[in-house]
Amino acid sequence: MTTAKTFPQRPASPLTTVAMVTLGCARNEVDSEELAGRLEAGGFRLVEDPEDAETVVVNTCGFVEAAKKDSVDTLLAAADLKDSGKAQAVVAVGCLAERYGAELATSLPEADAVLGFDDYPDIAGKLRSILAGETQHPHTPQDRRRLLPISPADRADAPAYQPGHGERRRLDAGPMAPLKLASGCDRRCTFCAIPAFRGSFVSRRPSDVLAEARWLAGQGARELFLVSENSTSYGKDLGDLRLLETMLPELAAVDGVERVRVSYLQPAETRPGLVTAIASTPGVAAYFDLSFQHASHPVLRRMRRFGDAEAFLGLLDQARAQAPQAGARSNFIVGFPGETEEDLEILCDFLSAARLDAIGVFGYSDEDGTEAEKFEGKLDEDEIADRLAHVTALAEELTAQRAEERIGEQVTVLVETVEGGPDGYVEGRAAHQGPEVDGSTVLEGLTGPVAVGDMIQAVVVGSEGVDLVARQVTVAEEGR
């Protein structure tokens with residue numbers, strides 16, 4: 001792969017073992033694989049189990065309160081290995097470390113170091129110094145948006161480091177691989193802190209994305225999952241906002257790649273040409289991961305977002321007019337400051353009409369440093385919990401109904417799990433099912449041996465919640 005300068009080889013003697021523990025989103029998975037590549041090139045030996053490692057690197061998530069708690073719990077569990085296992089050091093990296101730095105180090109002395117994104121290029125050297133007993137100054141957080149020019153067009157040659165844009169070492173041998181399109185975000189949603197610690201939006205050059213796609217295919221990836229904080233902005237800093245539309249056919253044509261999937265589309269930026277490219281390009285999943293967040297116009301304006309229920313339904317109609325079986329998913333926040341009963345009813349009516357395949361629902365909570373943290377009109381925690389429970393129950397009912405509607409459809413399933421013999425358990429994902437969050441498809445009635453990575457044509461014969469059951473179709477049936 002030629003996406004970045006080759007890491008200098010600095011072998012340690014003897015090789016020190018290191019385990020990467022990754023929390024959070026697929027973007028973090030890419031960052032972990034870059035760190036793994038740097039560590040391996042720097043003389044460390046990667047091991048899968050933290051109990052077998054002398055150093056444990058925890059790539060943390062700092063998105064919402066539950067993710068922060070999970071990150072702290074994981075760091076504490078890793079620190080316990082220093083007493084019971086062979087571990088000598090536990091290091092925190094990732095979004096929580098970048099966002100809180102010294103504050104995290106003070107509150108979590110069990111971690112031997114808290115490193116920020118700018119420490120990634122010399123991660124091997126940092127770990128060696130930690131193992132040698134040298135004290136690392138905890139990362140000092142800053143608003144990473146200030147590291148880049150305000151004008152997107154001036155960012156291409158800026159020296160600010162972007163995690164996940166360099167060479168990688170795969171940590172997961174599965175048939176799906178995330179591929180980072182860009183880092184950062186230029187939007188200013190009032191509830192979101194991500195731009196402050198991830199920085200402004202920076203696209204990777206198409207040549208780098210395509211080179212990495214070819215490398216991933218050579219590593220066994222059959223589905224490429226394109227990730228970023230905002231995929232609809234791809235190319236705006238490279239002078240062509242239509243770069244994603246033109247690059248999708250090239251990615252789908254990479255030898256060995258069977259399916260390309262685009263994640264995280266901003267509805268207000270989703271252009272008709274991009275809808276068409278996703279809906280109609282052979283090899284690209286007709287899958288629309290749309291970040292609606294709400295459906296009431298007043299709430300969306302307070303979130304500093306654009307659109308309303310009518311506009312969002314129109315966008316879904318555009319996609320389904322070109323790809324009737326298209327998958328669609330979104331996330332929503334309930335209990336946002338000032339949200340009225342009428343706003344909540346608008347959201348519920350929208351969900352009932354939208355026919356989404358997957359729905360994530362979150363109760364609002366203040367995020368440090370965000371504009372909404374200072375808003376008036378905060379709802380009582382119990383009221384937010386009640387609204388969350390109500391919308392979650394509705395979402396589960398609606399997505400189960402949507403899955404049931406798919407009975408009789410023909411789907412292409414990427415096999416991800418094979419257990420047992422010829423009559424064993426086989427599971428994968430259809431084109432409308434994104435990794436980890438959108439349900440899966442169990443295959444029955446297989447006509448021959450199946451392996452992980454195979455693409456199986458099947459017809460949906462049943463559903464349970466968002467999950468499907470499908471029967472493999474024969475060659476004769478495919479031709480009908």
# chains A, B, ... in the order shown; residues from 1 in each chain; ligands from 1
$ residues_around --residues "stretch 55-57 of chain A" --least-positions-apart "6" --cutoff "9 Å" --atoms "only C-alpha atoms" --output "count of residues only"
20
$ closest_atom_pairs --of "stretch 257-289 of chain A" --to "stretch 212-233 of chain A" --cutoff "10 Å" --atoms "only C-alpha atoms" --output "Markdown table"
| residue | atom | partner | partner_atom | distance |
| --- | --- | --- | --- | --- |
| A:Val257 | CA | A:Arg222 | CA | 4.6 |
| A:Glu258 | CA | A:Arg222 | CA | 5.3 |
| A:Arg259 | CA | A:Glu223 | CA | 4.7 |
| A:Val260 | CA | A:Leu224 | CA | 4.8 |
| A:Arg261 | CA | A:Phe225 | CA | 4.9 |
| A:Val262 | CA | A:Leu226 | CA | 4.9 |
| A:Ser263 | CA | A:Val227 | CA | 5.5 |
| A:Tyr264 | CA | A:Asn230 | CA | 5.7 |
| A:Leu265 | CA | A:Thr232 | CA | 5.4 |
| A:Gln266 | CA | A:Thr232 | CA | 6.1 |
| A:Pro267 | CA | A:Thr232 | CA | 8.5 |
| A:Ala268 | CA | A:Thr232 | CA | 9.1 |
| A:Glu269 | CA | A:Thr232 | CA | 5.9 |
| A:Thr270 | CA | A:Thr232 | CA | 6.1 |
| A:Arg271 | CA | A:Thr232 | CA | 8.2 |
| A:Leu274 | CA | A:Thr232 | CA | 8.2 |
| A:Gly283 | CA | A:Glu223 | CA | 9.5 |
| A:Val284 | CA | A:Leu224 | CA | 9.4 |
| A:Ala285 | CA | A:Glu223 | CA | 9.6 |
$ select_by_dssp --residues "stretch 164-290 of chain A" --states "strand (DSSP E or B)" --output "number ranges by chain"
A: 176-180, 182-183, 202-203, 223-227, 259-262, 265, 284, 287-290
$ closest_residue --among "A:Pro337, A:Phe288, A:Gly43, A:Ala389" --to "A:Asp366" --atoms "only C-alpha atoms"
A:Pro337
$ closest_residue --among "A:Leu171, A:Leu46, A:Leu35, A:Leu148" --to "A:Phe117" --atoms "only C-alpha atoms"
A:Leu35
$ closest_atom_pairs --of "stretch 150-185 of chain A" --to "stretch 244-253 of chain A" --cutoff "12 Å" --atoms "only C-alpha atoms" --output "tab-separated table"
residue	atom	partner	partner_atom	distance
A:Leu179	CA	A:Leu251	CA	10.8
A:Leu181	CA	A:Leu244	CA	9.1
A:Ala182	CA	A:Leu244	CA	11.2
$ closest_residue --among "A:Gly174, A:Gly184, A:Gly462, A:Gly239" --to "A:Arg205" --atoms "only C-alpha atoms"
A:Gly239
$ residues_around --residues "A:Leu468" --least-positions-apart "5" --cutoff "8 Å" --atoms "only C-alpha atoms" --output "VMD selection string"
chain A and resid 403 439 to 442 460 to 463
$ closest_residue --among "A:Gly116, A:Pro435, A:Pro175, A:Pro324" --to "A:Met455" --atoms "only C-alpha atoms"
A:Pro175
$ closest_residue --among "A:Lys82, A:Arg329, A:His139, A:Arg204" --to "A:Ala395" --atoms "only C-alpha atoms"
A:Arg329
$ residues_around --residues "stretch 302-312 of chain A" --least-positions-apart "5" --cutoff "9 Å" --atoms "only C-alpha atoms" --output "MDAnalysis selection string"
chainID A and resid 187:191 267:268 292:297 317 336:338 346:347 349:350 354 372
$ closest_residue --among "A:Val202, A:Val299, A:Leu446, A:Leu238" --to "A:Leu344" --atoms "only C-alpha atoms"
A:Val299
$ residues_around --residues "A:Gly125" --least-positions-apart "4" --cutoff "9 Å" --atoms "only C-alpha atoms" --output "mmCIF file with N, CA and C atoms, in the first residue's frame"
data_model
loop_
_atom_site.group_PDB
_atom_site.id
_atom_site.type_symbol
_atom_site.label_atom_id
_atom_site.label_comp_id
_atom_site.auth_asym_id
_atom_site.auth_seq_id
_atom_site.Cartn_x
_atom_site.Cartn_y
_atom_site.Cartn_z
ATOM 1 N N LEU A 39 3.261 0.627 15.758
ATOM 2 C CA LEU A 39 3.897 -0.137 16.831
ATOM 3 C C LEU A 39 4.658 -1.344 16.272
ATOM 4 N N GLY A 42 7.677 -0.279 14.697
ATOM 5 C CA GLY A 42 8.604 0.229 15.687
ATOM 6 C C GLY A 42 9.175 -0.828 16.600
ATOM 7 N N SER A 129 9.532 4.574 26.164
ATOM 8 C CA SER A 129 9.940 5.423 27.280
ATOM 9 C C SER A 129 9.094 5.155 28.518
ATOM 10 N N ILE A 130 7.809 4.840 28.318
ATOM 11 C CA ILE A 130 6.941 4.503 29.447
ATOM 12 C C ILE A 130 7.425 3.219 30.115
#
$ residues_around --residues "A:Arg471" --least-positions-apart "4" --cutoff "6 Å" --atoms "only C-alpha atoms" --output "PDB file with C-alpha atoms, in the first residue's frame"
ATOM      1  CA  LEU A 443     -28.998 -18.184   6.271  1.00  0.00           C
ATOM      2  CA  GLU A 444     -30.904 -21.441   5.936  1.00  0.00           C
ATOM      3  CA  GLY A 445     -31.353 -24.041   3.195  1.00  0.00           C
ATOM      4  CA  ALA A 458     -31.099 -15.531  -0.683  1.00  0.00           C
ATOM      5  CA  VAL A 459     -34.769 -14.772  -0.204  1.00  0.00           C
TER       6      VAL A 459
END
$ select_by_dssp --residues "stretch 59-136 of chain A" --states "alpha helix (DSSP H)" --output "MDAnalysis selection string"
chainID A and resid 65:84 95:100 102:107 123:131
